[in-house]
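S.K.: protein_26.pdb is reproduced in full below (PDB, C-alpha atoms and all ligand atoms).
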ATOM      1  CA  MET A 712       0.000   0.000   0.000
ATOM      2  CA  ILE A 713       1.267   3.410  -0.925
ATOM      3  CA  GLN A 714      -0.064   5.427   1.970
ATOM      4  CA  LEU A 715       1.122   7.612   4.846
ATOM      5  CA  PRO A 716      -1.054   8.839   7.726
ATOM      6  CA  PRO A 717      -2.687  12.306   7.474
ATOM      7  CA  SER A 718      -0.700  15.204   8.901
ATOM      8  CA  PRO A 719      -1.822  17.147  11.994
ATOM      9  CA  LEU A 720      -3.582  20.497  11.841
ATOM     10  CA  GLN A 721      -2.465  22.881  14.577
ATOM     11  CA  LEU A 722      -3.638  26.255  15.856
ATOM     12  CA  ILE A 723      -0.786  28.766  16.014
ATOM     13  CA  ASP A 724      -1.105  30.355  19.422
ATOM     14  CA  ASP A 725       1.410  33.148  18.985
ATOM     15  CA  PRO A 726       1.494  36.004  21.565
ATOM     16  CA  LEU A 727       2.520  38.356  18.720
ATOM     17  CA  LEU A 728      -0.892  37.837  17.085
ATOM     18  CA  LYS A 729      -3.054  38.082  20.181
ATOM     19  CA  ASP A 730      -4.335  41.575  19.341
ATOM     20  CA  PHE A 731      -5.235  40.687  15.766
ATOM     21  CA  PRO A 732      -8.738  39.334  15.145
ATOM     22  CA  VAL A 733      -7.765  36.337  13.011
ATOM     23  CA  LYS A 734      -7.306  32.634  13.651
ATOM     24  CA  LEU A 735      -4.173  31.065  12.234
ATOM     25  CA  TYR A 736      -3.893  27.323  11.638
ATOM     26  CA  ILE A 737      -0.988  25.387  10.183
ATOM     27  CA  LYS A 738      -1.274  22.112   8.269
ATOM     28  CA  ARG A 739       1.810  20.220   9.369
ATOM     29  CA  ASP A 740       2.726  18.431   6.160
ATOM     30  CA  ASP A 741       6.325  18.736   7.346
ATOM     31  CA  LEU A 742       5.488  15.926   9.781
ATOM     32  CA  ILE A 743       4.196  13.464   7.174
ATOM     33  CA  HIS A 744       7.499  11.654   6.805
ATOM     34  CA  PRO A 745      11.063  12.511   7.843
ATOM     35  CA  GLU A 746      12.273  12.492   4.228
ATOM     36  CA  ILE A 747       9.338  12.458   1.800
ATOM     37  CA  THR A 748       8.555  15.965   2.832
ATOM     38  CA  GLY A 749       5.392  17.949   2.710
ATOM     39  CA  ASN A 750       3.949  18.844  -0.619
ATOM     40  CA  LYS A 751       6.413  16.551  -2.384
ATOM     41  CA  TRP A 752       4.657  13.525  -0.863
ATOM     42  CA  ARG A 753       1.282  14.926  -1.866
ATOM     43  CA  LYS A 754       2.509  15.373  -5.436
ATOM     44  CA  LEU A 755       4.184  11.967  -5.573
ATOM     45  CA  LYS A 756       1.537   9.764  -3.999
ATOM     46  CA  TYR A 757      -0.780   9.172  -6.964
ATOM     47  CA  ASN A 758       2.176   9.108  -9.329
ATOM     48  CA  LEU A 759       3.592   6.226  -7.282
ATOM     49  CA  ILE A 760       0.243   4.455  -7.285
ATOM     50  CA  GLU A 761      -0.014   4.906 -11.057
ATOM     51  CA  ALA A 762       3.549   3.650 -11.524
ATOM     52  CA  ARG A 763       2.832   0.542  -9.483
ATOM     53  CA  GLU A 764      -0.467  -0.148 -11.262
ATOM     54  CA  LYS A 765       1.275   0.115 -14.613
ATOM     55  CA  GLY A 766       3.914  -2.346 -13.414
ATOM     56  CA  PHE A 767       6.916   0.003 -13.377
ATOM     57  CA  LYS A 768       9.846  -0.874 -11.120
ATOM     58  CA  SER A 769      11.812   2.317 -11.750
ATOM     59  CA  LEU A 770      11.103   6.038 -11.466
ATOM     60  CA  MET A 771      12.910   8.809 -13.279
ATOM     61  CA  THR A 772      12.637  12.504 -12.612
ATOM     62  CA  PHE A 773      14.452  15.833 -13.051
ATOM     63  CA  GLY A 774      15.621  18.641 -10.836
ATOM     64  CA  GLY A 775      18.113  21.315  -9.902
ATOM     65  CA  ALA A 776      20.998  20.897  -7.484
ATOM     66  CA  PHE A 777      18.902  21.709  -4.405
ATOM     67  CA  SER A 778      15.659  20.053  -5.447
ATOM     68  CA  ASN A 779      13.449  18.877  -2.593
ATOM     69  CA  HIS A 780      11.528  16.941  -5.243
ATOM     70  CA  ILE A 781      14.629  14.922  -6.164
ATOM     71  CA  TYR A 782      15.254  14.135  -2.523
ATOM     72  CA  ALA A 783      11.630  13.196  -1.852
ATOM     73  CA  THR A 784      11.538  10.953  -4.939
ATOM     74  CA  SER A 785      14.670   9.127  -3.772
ATOM     75  CA  ALA A 786      13.117   8.621  -0.334
ATOM     76  CA  ALA A 787       9.783   7.504  -1.790
ATOM     77  CA  GLY A 788      11.619   4.983  -3.961
ATOM     78  CA  LYS A 789      13.334   3.590  -0.907
ATOM     79  CA  GLU A 790      10.125   3.502   1.139
ATOM     80  CA  PHE A 791       7.879   1.937  -1.511
ATOM     81  CA  GLY A 792      10.307  -0.238  -3.436
ATOM     82  CA  PHE A 793      11.117   1.579  -6.678
ATOM     83  CA  LYS A 794      14.531   2.109  -8.212
ATOM     84  CA  THR A 795      15.077   5.816  -8.813
ATOM     85  CA  THR A 796      17.065   7.889 -11.274
ATOM     86  CA  GLY A 797      17.501  11.630 -10.905
ATOM     87  CA  ILE A 798      18.586  13.742 -13.861
ATOM     88  CA  ILE A 799      20.260  16.781 -12.346
ATOM     89  CA  ARG A 800      20.887  20.130 -14.015
ATOM     90  CA  GLY A 801      24.578  21.009 -13.609
ATOM     91  CA  GLU A 802      27.437  19.177 -15.241
ATOM     92  CA  GLU A 803      29.948  20.415 -12.675
ATOM     93  CA  LEU A 804      28.061  18.784  -9.773
ATOM     94  CA  THR A 805      28.696  15.436  -8.078
ATOM     95  CA  ALA A 806      26.794  13.347  -5.517
ATOM     96  CA  THR A 807      28.780  15.010  -2.737
ATOM     97  CA  SER A 808      28.204  18.609  -3.911
ATOM     98  CA  ASN A 809      25.479  19.193  -1.315
ATOM     99  CA  GLU A 810      23.297  17.458   1.258
ATOM    100  CA  ILE A 811      20.264  17.084  -0.978
ATOM    101  CA  LEU A 812      22.262  15.201  -3.603
ATOM    102  CA  MET A 813      24.174  13.241  -0.990
ATOM    103  CA  PHE A 814      21.058  12.021   0.817
ATOM    104  CA  SER A 815      19.361  11.230  -2.492
ATOM    105  CA  LYS A 816      22.343   9.080  -3.406
ATOM    106  CA  ILE A 817      22.330   7.421   0.024
ATOM    107  CA  ASN A 818      18.643   6.603  -0.569
ATOM    108  CA  GLY A 819      19.822   4.632  -3.587
ATOM    109  CA  MET A 820      19.094   7.095  -6.380
ATOM    110  CA  ASP A 821      21.212   6.983  -9.540
ATOM    111  CA  LEU A 822      22.243  10.544 -10.287
ATOM    112  CA  ILE A 823      23.003  11.741 -13.808
ATOM    113  CA  PHE A 824      24.407  15.227 -14.284
ATOM    114  CA  LEU A 825      23.658  17.141 -17.457
ATOM    115  CA  PRO A 826      24.725  20.640 -18.489
ATOM    116  CA  ARG A 827      21.414  21.792 -19.915
ATOM    117  CA  LEU A 828      18.006  20.525 -19.002
ATOM    118  CA  ASN A 829      15.465  22.529 -20.920
ATOM    119  CA  TYR A 830      11.943  21.491 -21.889
ATOM    120  CA  GLY A 831      12.885  20.031 -25.236
ATOM    121  CA  PHE A 832      15.590  17.937 -23.721
ATOM    122  CA  LYS A 833      13.425  16.657 -20.889
ATOM    123  CA  ASP A 834      10.762  15.677 -23.429
ATOM    124  CA  LYS A 835      13.345  13.790 -25.436
ATOM    125  CA  ILE A 836      14.612  11.865 -22.395
ATOM    126  CA  THR A 837      11.036  11.142 -21.332
ATOM    127  CA  ARG A 838      10.193   9.683 -24.738
ATOM    128  CA  GLN A 839      13.387   7.674 -24.864
ATOM    129  CA  TYR A 840      12.919   6.023 -21.451
ATOM    130  CA  LYS A 841       9.155   5.854 -21.103
ATOM    131  CA  ASP A 842       8.989   2.064 -21.490
ATOM    132  CA  ASP A 843      11.447   1.324 -18.692
ATOM    133  CA  PHE A 844      10.824   4.203 -16.324
ATOM    134  CA  TYR A 845       7.776   5.898 -14.941
ATOM    135  CA  VAL A 846       8.863   9.452 -15.694
ATOM    136  CA  ILE A 847       7.696  12.158 -13.300
ATOM    137  CA  PRO A 848       7.990  15.775 -14.532
ATOM    138  CA  GLU A 849      10.349  18.211 -12.797
ATOM    139  CA  GLY A 850       8.789  19.361  -9.533
ATOM    140  CA  GLY A 851       6.319  16.472  -9.759
ATOM    141  CA  SER A 852       3.440  18.655 -10.903
ATOM    142  CA  ASN A 853       0.950  16.834 -13.112
ATOM    143  CA  GLU A 854      -2.681  15.682 -12.816
ATOM    144  CA  PHE A 855      -1.725  13.000 -10.273
ATOM    145  CA  ALA A 856      -0.028  15.652  -8.160
ATOM    146  CA  ILE A 857      -3.238  17.681  -8.151
ATOM    147  CA  LYS A 858      -5.146  14.652  -6.874
ATOM    148  CA  GLY A 859      -2.738  14.247  -3.960
ATOM    149  CA  VAL A 860      -2.934  17.912  -2.966
ATOM    150  CA  VAL A 861      -6.745  17.813  -3.145
ATOM    151  CA  GLU A 862      -6.554  14.987  -0.608
ATOM    152  CA  MET A 863      -4.650  17.332   1.721
ATOM    153  CA  MET A 864      -7.415  19.894   1.314
ATOM    154  CA  ASP A 865      -9.993  17.226   2.208
ATOM    155  CA  GLU A 866      -8.036  16.537   5.413
ATOM    156  CA  ILE A 867      -8.214  20.249   6.280
ATOM    157  CA  TYR A 868     -11.960  20.498   5.585
ATOM    158  CA  ALA A 869     -12.525  17.462   7.783
ATOM    159  CA  GLU A 870     -11.363  19.643  10.710
ATOM    160  CA  ILE A 871     -11.994  23.315   9.835
ATOM    161  CA  THR A 872     -13.440  25.510   7.089
ATOM    162  CA  PRO A 873     -10.775  28.149   6.474
ATOM    163  CA  ASP A 874     -11.494  31.454   4.728
ATOM    164  CA  VAL A 875      -7.995  31.563   3.254
ATOM    165  CA  VAL A 876      -5.401  28.876   2.523
ATOM    166  CA  CYS A 877      -1.806  30.115   2.126
ATOM    167  CA  VAL A 878       1.102  28.275   0.536
ATOM    168  CA  ALA A 879       4.612  29.008  -0.699
ATOM    169  CA  ALA A 880       4.706  28.755  -4.487
ATOM    170  CA  GLY A 881       7.725  27.742  -6.553
ATOM    171  CA  THR A 882       6.342  26.291  -9.767
ATOM    172  CA  GLY A 883       2.806  26.714  -8.435
ATOM    173  CA  GLY A 884       1.874  23.044  -8.775
ATOM    174  CA  THR A 885       0.881  22.763  -5.137
ATOM    175  CA  LEU A 886      -1.124  25.984  -5.401
ATOM    176  CA  ALA A 887      -2.978  24.509  -8.384
ATOM    177  CA  GLY A 888      -3.889  21.467  -6.281
ATOM    178  CA  ILE A 889      -5.094  23.682  -3.449
ATOM    179  CA  ILE A 890      -7.243  25.743  -5.809
ATOM    180  CA  THR A 891      -8.703  22.535  -7.246
ATOM    181  CA  GLY A 892      -9.578  21.345  -3.741
ATOM    182  CA  LEU A 893     -11.221  24.593  -2.572
ATOM    183  CA  ARG A 894     -14.805  24.400  -1.350
ATOM    184  CA  GLY A 895     -17.381  27.123  -0.786
ATOM    185  CA  GLU A 896     -15.990  30.573  -0.140
ATOM    186  CA  THR A 897     -12.404  29.593   0.724
ATOM    187  CA  LYS A 898      -9.731  31.545  -1.175
ATOM    188  CA  ALA A 899      -6.204  30.433  -2.041
ATOM    189  CA  LEU A 900      -3.145  32.675  -1.721
ATOM    190  CA  GLY A 901       0.162  31.634  -3.244
ATOM    191  CA  PHE A 902       3.294  33.358  -1.939
ATOM    192  CA  ALA A 903       5.836  33.442  -4.760
ATOM    193  CA  VAL A 904       9.393  32.617  -3.699
ATOM    194  CA  LEU A 905      10.992  33.529  -7.016
ATOM    195  CA  LYS A 906      10.777  36.144  -9.749
ATOM    196  CA  ASP A 907       9.081  34.557 -12.717
ATOM    197  CA  LYS A 908       7.450  37.268 -14.843
ATOM    198  CA  GLY A 909       4.046  35.618 -14.909
ATOM    199  CA  LEU A 910       5.212  32.103 -15.751
ATOM    200  CA  MET A 911       3.692  30.718 -12.593
ATOM    201  CA  TYR A 912       0.314  32.207 -13.331
ATOM    202  CA  ASN A 913       0.277  30.407 -16.688
ATOM    203  CA  PHE A 914       1.536  27.163 -15.194
ATOM    204  CA  VAL A 915      -1.128  27.152 -12.480
ATOM    205  CA  SER A 916      -3.851  28.006 -14.986
ATOM    206  CA  LYS A 917      -2.758  25.153 -17.225
ATOM    207  CA  LEU A 918      -3.023  22.622 -14.395
ATOM    208  CA  LEU A 919      -6.490  23.773 -13.399
ATOM    209  CA  THR A 920      -9.529  21.949 -14.692
ATOM    210  CA  VAL A 921     -11.840  24.161 -12.643
ATOM    211  CA  GLU A 922     -12.531  27.852 -13.231
ATOM    212  CA  LYS A 923     -11.481  29.571 -10.061
ATOM    213  CA  GLU A 924      -9.886  32.865  -9.242
ATOM    214  CA  PHE A 925      -6.621  32.770  -7.375
ATOM    215  CA  ASN A 926      -4.063  35.230  -6.112
ATOM    216  CA  ILE A 927      -0.303  35.145  -6.248
ATOM    217  CA  ILE A 928       1.453  37.502  -3.834
ATOM    218  CA  ASN A 929       4.770  38.800  -5.129
ATOM    219  CA  ASP A 930       5.702  41.041  -2.183
ATOM    220  CA  TYR A 931       7.772  38.535  -0.202
ATOM    221  CA  ILE A 932      10.240  37.118  -2.723
ATOM    222  CA  PHE A 933      13.298  38.471  -0.862
ATOM    223  CA  GLY A 934      15.358  38.930  -4.009
ATOM    224  CA  ASN A 935      14.832  35.674  -5.833
ATOM    225  CA  TYR A 936      14.784  31.892  -5.458
ATOM    226  CA  GLY A 937      17.187  30.775  -2.722
ATOM    227  CA  LYS A 938      18.112  34.355  -1.840
ATOM    228  CA  THR A 939      17.568  35.579   1.656
ATOM    229  CA  THR A 940      17.945  38.660   3.833
ATOM    230  CA  LEU A 941      18.801  39.322   7.463
ATOM    231  CA  GLU A 942      15.230  40.488   7.963
ATOM    232  CA  LEU A 943      13.895  37.097   6.861
ATOM    233  CA  ILE A 944      16.364  35.126   8.989
ATOM    234  CA  LYS A 945      15.547  37.296  12.003
ATOM    235  CA  PHE A 946      11.831  36.653  11.436
ATOM    236  CA  ILE A 947      12.401  32.881  11.320
ATOM    237  CA  ILE A 948      14.519  32.870  14.488
ATOM    238  CA  GLU A 949      11.948  34.911  16.393
ATOM    239  CA  PHE A 950       9.008  32.910  15.038
ATOM    240  CA  GLU A 951      10.626  29.678  16.211
ATOM    241  CA  LYS A 952      11.291  31.132  19.668
ATOM    242  CA  ARG A 953       7.626  31.998  20.088
ATOM    243  CA  ASN A 954       6.405  28.780  18.441
ATOM    244  CA  PRO A 955       8.959  26.163  19.499
ATOM    245  CA  SER A 956       7.109  23.194  17.965
ATOM    246  CA  ILE A 957       7.390  24.648  14.434
ATOM    247  CA  LYS A 958      10.579  24.961  12.379
ATOM    248  CA  LEU A 959      10.769  26.926   9.125
ATOM    249  CA  GLU A 960      13.367  27.260   6.387
ATOM    250  CA  GLN A 961      14.441  30.297   4.404
ATOM    251  CA  VAL A 962      13.611  29.154   0.836
ATOM    252  CA  TYR A 963       9.863  28.495   1.008
ATOM    253  CA  THR A 964       7.988  28.332   4.303
ATOM    254  CA  GLY A 965       9.911  31.207   5.932
ATOM    255  CA  LYS A 966       8.993  33.587   3.108
ATOM    256  CA  MET A 967       5.356  32.502   3.126
ATOM    257  CA  MET A 968       5.053  32.844   6.899
ATOM    258  CA  PHE A 969       6.764  36.254   6.833
ATOM    259  CA  GLY A 970       4.206  37.349   4.265
ATOM    260  CA  VAL A 971       1.252  36.000   6.214
ATOM    261  CA  TYR A 972       2.395  37.725   9.421
ATOM    262  CA  ASP A 973       3.032  40.985   7.587
ATOM    263  CA  MET A 974      -0.405  40.885   5.987
ATOM    264  CA  ILE A 975      -2.073  40.096   9.329
ATOM    265  CA  GLN A 976      -0.247  42.968  11.020
ATOM    266  CA  LYS A 977      -1.155  45.350   8.209
ATOM    267  CA  GLY A 978      -4.830  44.425   8.559
ATOM    268  CA  LYS A 979      -5.098  42.818   5.120
ATOM    269  CA  PHE A 980      -7.406  40.087   6.445
ATOM    270  CA  LYS A 981     -10.955  40.904   7.551
ATOM    271  CA  GLU A 982     -11.852  40.599  11.215
ATOM    272  CA  GLY A 983     -12.662  37.003  12.111
ATOM    273  CA  THR A 984     -10.785  35.477   9.165
ATOM    274  CA  THR A 985      -9.649  31.884   9.623
ATOM    275  CA  ILE A 986      -6.338  31.402   7.840
ATOM    276  CA  CYS A 987      -4.733  28.039   7.213
ATOM    277  CA  VAL A 988      -1.080  28.018   6.148
ATOM    278  CA  ILE A 989       0.471  24.896   4.654
ATOM    279  CA  HIS A 990       3.812  23.784   6.060
ATOM    280  CA  THR A 991       5.196  22.260   2.878
ATOM    281  CA  GLY A 992       8.254  20.770   4.627
ATOM    282  CA  GLY A 993      11.624  21.195   2.947
ATOM    283  CA  LEU A 994      13.497  21.366   6.233
ATOM    284  CA  ARG A 995      16.490  19.495   4.799
ATOM    285  CA  GLY A 996      17.223  22.760   3.004
ATOM    286  CA  ARG A 997      17.188  24.761   6.212
ATOM    287  CA  MET A 998      20.215  26.986   6.672
ATOM    288  CA  LYS A 999      22.794  25.530   9.081
ATOM    289  CA  GLN A1000      22.989  28.852  10.902
ATOM    290  CA  LEU A1001      19.363  28.425  12.003
ATOM    291  CA  GLY A1002      20.377  25.274  13.887
ATOM    292  CA  GLU A1003      20.312  21.603  13.028
ATOM    293  CA  ILE A1004      17.088  19.660  13.262
ATOM    294  CA  PHE A1005      18.181  16.321  11.785
TER     295      PHE A1005
HETATM  296  C1  LIG B1101       8.917  22.418  -3.728
HETATM  297  C2  LIG B1101       8.463  23.187  -2.558
HETATM  298  C3  LIG B1101       7.492  24.192  -2.657
HETATM  299  C4  LIG B1101       6.941  24.673  -3.972
HETATM  300  O1  LIG B1101       6.038  23.799  -4.542
HETATM  301  P1  LIG B1101       5.475  24.112  -6.012
HETATM  302  O2  LIG B1101       4.444  23.071  -6.212
HETATM  303  O3  LIG B1101       6.628  23.958  -6.944
HETATM  304  O4  LIG B1101       4.964  25.483  -6.031
HETATM  305  C5  LIG B1101       7.058  24.817  -1.493
HETATM  306  N1  LIG B1101       7.589  24.489  -0.299
HETATM  307  C6  LIG B1101       8.547  23.548  -0.170
HETATM  308  C7  LIG B1101       9.108  23.282   1.167
HETATM  309  C8  LIG B1101       9.016  22.869  -1.284
HETATM  310  O5  LIG B1101       9.970  21.939  -1.153
END
For this file, produce the structure as structure tokens.
M.R.:
Amino acid sequence: MIQLPPSPLQLIDDPLLKDFPVKLYIKRDDLIHPEITGNKWRKLKYNLIEAREKGFKSLMTFGGAFSNHIYATSAAGKEFGFKTTGIIRGEELTATSNEILMFSKINGMDLIFLPRLNYGFKDKITRQYKDDFYVIPEGGSNEFAIKGVVEMMDEIYAEITPDVVCVAAGTGGTLAGIITGLRGETKALGFAVLKDKGLMYNFVSKLLTVEKEFNIINDYIFGNYGKTTLELIKFIIEFEKRNPSIKLEQVYTGKMMFGVYDMIQKGKFKEGTTICVIHTGGLRGRMKQLGEIF
């Protein structure tokens, strides 16, 4: 069975927010599995089920040097009995270049390093290997990913009916799943973590089979993907002091949480709003200076 237990939903009881008339919940997808983290599990689950049903023994996927998706795929392969191959962008890299690659390799993933990995090239590799490998797109975002994220939304609705669901958005695949799983009046807010000149908006729209409005917030990018500032690091350190059961990282969840707090403090949410933020995991990529958690 390809299944992990649902993640907990937790009320954030932060003294800093006590004068603001909102309720803030966090969906702890970071706790789903120590390695198959957060949204990457949600996006992989139905891909893994499909791969098994079709009789595949091996998975192949693509990613950059610090890809949480690569790492999660390697861990999922180990957990559920698939061989895994990761095609990594960056000819100069090796399996010991960083922790993400190292732990993927330790999980048994074959790593192949290529100089360029554009769309055309990925398509070509996919076509070439599609009989021997179940090929998952970069970032894992496809219709099966949407199904897995909708399941997360169902878990949330089983406990609360939020007015707003907030998530960090890289490619926007997870956001597309959240939008698909919205019920009633709930709105989705994606917090962009990179500059993308509208690419994400198109990508999300393409993945949607439902007509729904959604918002992408571009005010908390902190430079660009992977970039950070002292202000962001200070926010994370102070957040963790006040909320010791929750750890963040500086690439995704830290930026989203900074944005949510800033918007709450600036009165951007109506009185009585119930907000649910998604902890999408990714803590392997947490900066060493913030302290080890593994
Ligand atoms: C990959 C990742 C995201 C972004 O997910 P997309 O579906 O690409 O938008 C957000 N948070 C974490 C921790 C991630 O690893």
S.K.: So which one's closest to ligand LIG 1101 (chain B), A:Tyr845, A:Phe731, A:Tyr736, A:Phe777? Using all atoms listed in the file, please.
M.R.: A:Phe777
S.K.: How would you write, as number ranges by chain, the set of residues no farther than 8 Å from ligand LIG 1101 (chain B) when counting all atoms listed in the file?
M.R.: A: 748-751, 754, 778-780, 850-852, 878-887, 960, 962-964, 990-994
S.K.: Restricting the calculation to all atoms listed in the file, which member of A:Met771, A:Ile986, A:Leu759, A:Ala899 is positioned closest to Ile836 (chain A)?
M.R.: A:Met771
S.K.: Interatomic distance between CA of Leu959 (chain A) and CA of Ser916 (chain A)?
M.R.: 28.2 Å
S.K.: Select, from A:Val876, A:Ile928, A:Met712, A:Ala783, the residue with the minimum atom-to-atom distance to Ile989 (chain A), counting all atoms listed in the file.
M.R.: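 Ranked by minimum distance to Ile989 (chain A), first place goes to A:Val876.
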S.K.: Give as a PDB file with C-alpha atoms, in the frame of the given file the residues that the PyMOL selection byres (((chain A and resi 715-721) around 12) and not hetatm) matches when applied to the coordinates above.
M.R.:
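Saved to expr_28.pdb:
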ATOM      1  CA  MET A 712       0.000   0.000   0.000  1.00  0.00           C
ATOM      2  CA  ILE A 713       1.267   3.410  -0.925  1.00  0.00           C
ATOM      3  CA  GLN A 714      -0.064   5.427   1.970  1.00  0.00           C
ATOM      4  CA  LEU A 722      -3.638  26.255  15.856  1.00  0.00           C
ATOM      5  CA  ILE A 723      -0.786  28.766  16.014  1.00  0.00           C
ATOM      6  CA  ASP A 724      -1.105  30.355  19.422  1.00  0.00           C
ATOM      7  CA  ASP A 725       1.410  33.148  18.985  1.00  0.00           C
ATOM      8  CA  LYS A 734      -7.306  32.634  13.651  1.00  0.00           C
ATOM      9  CA  LEU A 735      -4.173  31.065  12.234  1.00  0.00           C
ATOM     10  CA  TYR A 736      -3.893  27.323  11.638  1.00  0.00           C
ATOM     11  CA  ILE A 737      -0.988  25.387  10.183  1.00  0.00           C
ATOM     12  CA  LYS A 738      -1.274  22.112   8.269  1.00  0.00           C
ATOM     13  CA  ARG A 739       1.810  20.220   9.369  1.00  0.00           C
ATOM     14  CA  ASP A 740       2.726  18.431   6.160  1.00  0.00           C
ATOM     15  CA  ASP A 741       6.325  18.736   7.346  1.00  0.00           C
ATOM     16  CA  LEU A 742       5.488  15.926   9.781  1.00  0.00           C
ATOM     17  CA  ILE A 743       4.196  13.464   7.174  1.00  0.00           C
ATOM     18  CA  HIS A 744       7.499  11.654   6.805  1.00  0.00           C
ATOM     19  CA  PRO A 745      11.063  12.511   7.843  1.00  0.00           C
ATOM     20  CA  ILE A 747       9.338  12.458   1.800  1.00  0.00           C
ATOM     21  CA  THR A 748       8.555  15.965   2.832  1.00  0.00           C
ATOM     22  CA  GLY A 749       5.392  17.949   2.710  1.00  0.00           C
ATOM     23  CA  ASN A 750       3.949  18.844  -0.619  1.00  0.00           C
ATOM     24  CA  TRP A 752       4.657  13.525  -0.863  1.00  0.00           C
ATOM     25  CA  ARG A 753       1.282  14.926  -1.866  1.00  0.00           C
ATOM     26  CA  LEU A 755       4.184  11.967  -5.573  1.00  0.00           C
ATOM     27  CA  LYS A 756       1.537   9.764  -3.999  1.00  0.00           C
ATOM     28  CA  ALA A 787       9.783   7.504  -1.790  1.00  0.00           C
ATOM     29  CA  GLU A 790      10.125   3.502   1.139  1.00  0.00           C
ATOM     30  CA  PHE A 791       7.879   1.937  -1.511  1.00  0.00           C
ATOM     31  CA  GLY A 859      -2.738  14.247  -3.960  1.00  0.00           C
ATOM     32  CA  VAL A 860      -2.934  17.912  -2.966  1.00  0.00           C
ATOM     33  CA  GLU A 862      -6.554  14.987  -0.608  1.00  0.00           C
ATOM     34  CA  MET A 863      -4.650  17.332   1.721  1.00  0.00           C
ATOM     35  CA  MET A 864      -7.415  19.894   1.314  1.00  0.00           C
ATOM     36  CA  ASP A 865      -9.993  17.226   2.208  1.00  0.00           C
ATOM     37  CA  GLU A 866      -8.036  16.537   5.413  1.00  0.00           C
ATOM     38  CA  ILE A 867      -8.214  20.249   6.280  1.00  0.00           C
ATOM     39  CA  TYR A 868     -11.960  20.498   5.585  1.00  0.00           C
ATOM     40  CA  ALA A 869     -12.525  17.462   7.783  1.00  0.00           C
ATOM     41  CA  GLU A 870     -11.363  19.643  10.710  1.00  0.00           C
ATOM     42  CA  ILE A 871     -11.994  23.315   9.835  1.00  0.00           C
ATOM     43  CA  PRO A 873     -10.775  28.149   6.474  1.00  0.00           C
ATOM     44  CA  ASN A 954       6.405  28.780  18.441  1.00  0.00           C
ATOM     45  CA  SER A 956       7.109  23.194  17.965  1.00  0.00           C
ATOM     46  CA  ILE A 957       7.390  24.648  14.434  1.00  0.00           C
ATOM     47  CA  ILE A 986      -6.338  31.402   7.840  1.00  0.00           C
ATOM     48  CA  CYS A 987      -4.733  28.039   7.213  1.00  0.00           C
ATOM     49  CA  VAL A 988      -1.080  28.018   6.148  1.00  0.00           C
ATOM     50  CA  ILE A 989       0.471  24.896   4.654  1.00  0.00           C
ATOM     51  CA  HIS A 990       3.812  23.784   6.060  1.00  0.00           C
ATOM     52  CA  THR A 991       5.196  22.260   2.878  1.00  0.00           C
ATOM     53  CA  GLY A 992       8.254  20.770   4.627  1.00  0.00           C
TER      54      GLY A 992
END
S.K.: Write out as a ChimeraX atom specification the residues lying within 10 Å of Ile1004 (chain A), counting all atoms listed in the file and excluding same-chain residues fewer than 3 positions away.
M.R.: /A:958,994-995,997,999,1001
S.K.: If we count only C-alpha atoms and set the cut-off at 9 Å, which residues sit around Ile890 (chain A), ignoring sequence neighbours fewer than 2 positions away in its own chain? Please answer as a VMD selection string.
M.R.: chain A and resid 861 885 to 888 892 to 894 898 to 899 919 921 923 to 925
S.K.: Name the closest residue to Asp730 (chain A) among the candidates A:Glu982, A:Glu854, A:Asp907, A:Glu922; distances are taken between atoms, counting all atoms listed in the file.
M.R.: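 Answer, going by the shortest atom-to-atom distance: A:Glu982.
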S.K.: Step by step, work through what the PyMOL selection byres (((chain A and resi 935) around 7) and not hetatm) selects in the shown file, and finish by giving those residues as a PyMOL selection string.
M.R.: chain A and resi 904-906+932-934+936-938
S.K.: Enter the distance from CA of Leu728 (chain A) to CA of Lys977 (chain A), in Å, rounded to one decimal.
M.R.: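 It comes out at 11.6 Å.
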S.K.: Can you pull out the residues contacting Leu900 (chain A)? Cut-off 6 Å, using all atoms listed in the file, and skip same-chain residues under 3 positions away; I want them as a CSV table (one decimal) with C-alpha atoms, in the coordinates of the input.
M.R.:
chain,number,residue,atom,x,y,z
A,877,CYS,CA,-1.8,30.1,2.1
A,926,ASN,CA,-4.1,35.2,-6.1
A,927,ILE,CA,-0.3,35.1,-6.2
S.K.: Record the distance separating CA of Gly1002 (chain A) and CA of Thr805 (chain A), expressed in Å with one decimal.
M.R.: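 Atom-to-atom, CA of Gly1002 (chain A) to CA of Thr805 (chain A), that is 25.5 Å.
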S.K.: For Thr984 (chain A), list every protein, DNA or RNA residue within 8 Å, evaluated using all atoms listed in the file, and leave out those in the same chain fewer than 4 positions away; present the list as a ChimeraX atom specification.
M.R.: /A:732-734,873-875,980
S.K.: Considering all atoms listed in the file, can you say which of A:Leu825, A:Asn818, A:Leu804, A:Glu746 comes closest to Phe773 (chain A)?
M.R.: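 Among the listed residues, the smallest separation from Phe773 (chain A) belongs to A:Leu825.
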S.K.: Which residue, A:Leu822, A:Met998, A:Ile889, A:Ala786, has the smallest gap to Thr939 (chain A) when you use all atoms listed in the file?
M.R.: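 The shortest atom-to-atom distance to Thr939 (chain A) comes from A:Met998.
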S.K.: Kindly resolve the PyMOL selection byres (((chain A and resi 953) around 9) and not hetatm) on the present coordinates and return the residues as a PyMOL selection string.
M.R.: chain A and resi 724-727+948-952+954-955
S.K.: Please tell me which residues are no farther than 12 Å from (21.1, 21.1, -18.2) in the file, counting all atoms listed in the file, and write them as a PyMOL selection string.
M.R.: chain A and resi 773-776+798-804+823-833
